[in-house]
Amino acid sequence: MRFLFVLILLAGVGIGIIYPWAVSNFSGHEIGAYRVFEQGRFKPVTMTLAARDAPVRVLVDLTAKAERIVSQQRTVLTLTAATGSRTVLASTLQFNHAGNPREVSPQLPDKIFRDEAGVIETVSPGAYLFTAGPGDADDIPMRAVDLVLRSGAGEVDKRARPVGFSLMAAGAIGFLLIAAFGGRRPENPNSKPPPPRWGRGSSK
C-alpha cells in the first residue's frame, strides 16, 4: 500500500507541477529573447509578429543578485504589449513562485528567475511594442531583465493543477496514515534464539 500511495503522490507532482512547467517553458519554439532592462534603465522593445506565431507566450527572465525573490505580494515588474493603439497584454510580475533559479555563471552570485507575463492568443500581423517598467517592490537587486517570446505555445489544461494537487494530498495523507497506523511488521522467526537442545550428541 505504501508503494501505491507513493505512486499517487508522484503522479500528482507530474500532473500538477512538472506538466504545467514544461508546457509554459518548452512548448512551441522560441521567437527570441530581448533585453528590456540593463544598467539601471528600462527600454521598450518593438517586435514584428505574424499570424502564424499565435499563440505567443510571453516570459520574463529577471537576473538578480539574490537566492530567491521575496516581494511580499508586491509587484516587481510591469509589462504591457500593444499593437497600433490597442493593448493586447498587461501584466504584473511578482516572481514569488519562481523556484530553482538558473545560474548566470558558477563564478557569479547572480541568479535568473523566470515568470510568465501571459499569452497573446490572437496575433494581428504587425509591430508589437513591449514595455517593461518597475513595480512597487524597490528593494530587488536587479541586474538585467529579458523578454522571451515563444511561438505556438501550448495551453496548460486548467484542470491539471487542481487534479495534481489533489493527488499529491491523497498520496501524502495515505502514506502518512499507513506509516502511523499500518501495524507492526511480522516478527522474523530468525530473530529469536533457537530453543535449547537436550541430550548429548545432538549435533556433530
# chains A, B, ... in the order shown; residues from 1 in each chain; ligands from 1
>>> select_by_dssp(residues="segment 13-173 of chain A", states="alpha helix (DSSP H)", output="ChimeraX atom specification")
/A:13,19-26,160-173
>>> residues_around(residues="segment 132-136 of chain A", least_positions_apart="4", cutoff="8 Å", atoms="only C-alpha atoms", output="list in words")
Val36, Phe37, Phe42, Lys43, Pro44, Arg74, Thr75, Val76, Leu77, Thr78, Leu79, Thr80 and Thr92 of chain A
>>> residues_around(residues="Glu38 of chain A", least_positions_apart="5", cutoff="9 Å", atoms="only C-alpha atoms", output="VMD selection string")
chain A and resid 43 142 to 145
>>> residues_around(residues="Phe175 of chain A", least_positions_apart="4", cutoff="12 Å", atoms="only C-alpha atoms", output="JSON, numbers by chain")
{"A": [1, 2, 3, 4, 5, 6, 7, 8, 9, 10, 167, 168, 169, 170, 171, 179, 180, 181, 182]}
>>> closest_residue(among="A:Gly164, A:Gly40, A:Gly32, A:Pro101", to="Leu62 of chain A", atoms="only C-alpha atoms")
A:Pro101
>>> atom_distance(atom1="atom CA of Phe130 of chain A", atom2="atom CA of Asn96 of chain A")
22.4 Å
>>> residues_around(residues="Pro109 of chain A", least_positions_apart="3", cutoff="9 Å", atoms="only C-alpha atoms", output="PyMOL selection string")
chain A and resi 64-67+103-106
>>> atom_distance(atom1="atom CA of Leu93 of chain A", atom2="atom CA of Thr131 of chain A")
13.1 Å
>>> decode(residues="segment 1-14 of chain A", atoms="all heavy atoms", output="compact mmCIF listing (two decimals), in the first residue's frame")
# COMPACT_ATOMS: atom_id res chain seq x y z
N MET A 1 0.82 -1.21 0.00
CA MET A 1 0.00 0.00 0.00
C MET A 1 0.86 1.27 0.00
O MET A 1 0.50 2.26 -0.61
CB MET A 1 -0.93 0.01 1.22
CG MET A 1 -2.05 -1.00 1.14
SD MET A 1 -3.19 -0.62 -0.23
CE MET A 1 -3.93 0.88 0.36
N ARG A 2 1.97 1.20 0.73
CA ARG A 2 2.83 2.38 0.74
C ARG A 2 3.32 2.70 -0.67
O ARG A 2 3.36 3.87 -1.08
CB ARG A 2 4.04 2.14 1.65
CG ARG A 2 3.69 2.05 3.12
CD ARG A 2 4.93 1.97 3.97
NE ARG A 2 4.60 1.78 5.37
CZ ARG A 2 5.48 1.76 6.35
NH1 ARG A 2 6.77 1.89 6.06
NH2 ARG A 2 5.11 1.59 7.60
N PHE A 3 3.69 1.68 -1.42
CA PHE A 3 4.16 1.90 -2.79
C PHE A 3 3.06 2.53 -3.64
O PHE A 3 3.32 3.42 -4.46
CB PHE A 3 4.61 0.57 -3.38
CG PHE A 3 5.15 0.68 -4.79
CD1 PHE A 3 6.34 1.35 -5.04
CD2 PHE A 3 4.45 0.15 -5.85
CE1 PHE A 3 6.83 1.46 -6.32
CE2 PHE A 3 4.94 0.27 -7.14
CZ PHE A 3 6.14 0.93 -7.38
N LEU A 4 1.81 2.10 -3.43
CA LEU A 4 0.69 2.66 -4.18
C LEU A 4 0.53 4.14 -3.90
O LEU A 4 0.35 4.95 -4.82
CB LEU A 4 -0.60 1.91 -3.84
CG LEU A 4 -1.89 2.47 -4.44
CD1 LEU A 4 -1.83 2.43 -5.96
CD2 LEU A 4 -3.10 1.71 -3.93
N PHE A 5 0.60 4.53 -2.61
CA PHE A 5 0.43 5.94 -2.27
C PHE A 5 1.61 6.78 -2.75
O PHE A 5 1.44 7.95 -3.11
CB PHE A 5 0.24 6.09 -0.76
CG PHE A 5 -1.14 5.72 -0.30
CD1 PHE A 5 -1.33 4.68 0.59
CD2 PHE A 5 -2.25 6.41 -0.75
CE1 PHE A 5 -2.60 4.32 1.01
CE2 PHE A 5 -3.53 6.07 -0.34
CZ PHE A 5 -3.71 5.02 0.54
N VAL A 6 2.80 6.19 -2.79
CA VAL A 6 3.95 6.91 -3.36
C VAL A 6 3.73 7.16 -4.85
O VAL A 6 4.02 8.24 -5.36
CB VAL A 6 5.25 6.12 -3.12
CG1 VAL A 6 6.40 6.71 -3.94
CG2 VAL A 6 5.62 6.12 -1.65
N LEU A 7 3.19 6.17 -5.56
CA LEU A 7 2.89 6.35 -6.98
C LEU A 7 1.85 7.45 -7.19
O LEU A 7 1.95 8.26 -8.11
CB LEU A 7 2.38 5.03 -7.58
CG LEU A 7 3.43 3.93 -7.80
CD1 LEU A 7 2.77 2.70 -8.40
CD2 LEU A 7 4.56 4.41 -8.70
N ILE A 8 0.83 7.49 -6.31
CA ILE A 8 -0.20 8.53 -6.41
C ILE A 8 0.43 9.90 -6.18
O ILE A 8 0.13 10.88 -6.89
CB ILE A 8 -1.33 8.27 -5.40
CG1 ILE A 8 -2.09 7.00 -5.77
CG2 ILE A 8 -2.28 9.46 -5.34
CD1 ILE A 8 -3.13 6.58 -4.75
N LEU A 9 1.31 10.00 -5.19
CA LEU A 9 1.99 11.26 -4.91
C LEU A 9 2.83 11.71 -6.10
O LEU A 9 2.79 12.88 -6.50
CB LEU A 9 2.86 11.10 -3.66
CG LEU A 9 3.72 12.31 -3.25
CD1 LEU A 9 2.84 13.49 -2.91
CD2 LEU A 9 4.61 11.95 -2.07
N LEU A 10 3.59 10.78 -6.69
CA LEU A 10 4.43 11.13 -7.84
C LEU A 10 3.59 11.52 -9.05
O LEU A 10 3.96 12.43 -9.80
CB LEU A 10 5.34 9.95 -8.18
CG LEU A 10 6.42 9.61 -7.14
CD1 LEU A 10 7.20 8.38 -7.58
CD2 LEU A 10 7.36 10.79 -6.94
N ALA A 11 2.46 10.84 -9.23
CA ALA A 11 1.57 11.22 -10.33
C ALA A 11 1.04 12.63 -10.13
O ALA A 11 0.93 13.41 -11.09
CB ALA A 11 0.41 10.23 -10.42
N GLY A 12 0.71 12.98 -8.89
CA GLY A 12 0.25 14.34 -8.60
C GLY A 12 1.31 15.38 -8.89
O GLY A 12 1.01 16.45 -9.44
N VAL A 13 2.56 15.09 -8.54
CA VAL A 13 3.65 16.02 -8.82
C VAL A 13 3.81 16.21 -10.33
O VAL A 13 3.99 17.33 -10.82
CB VAL A 13 4.96 15.50 -8.20
CG1 VAL A 13 6.15 16.34 -8.67
CG2 VAL A 13 4.88 15.51 -6.68
N GLY A 14 3.71 15.10 -11.07
CA GLY A 14 3.85 15.20 -12.52
C GLY A 14 2.75 16.01 -13.18
O GLY A 14 3.01 16.85 -14.05
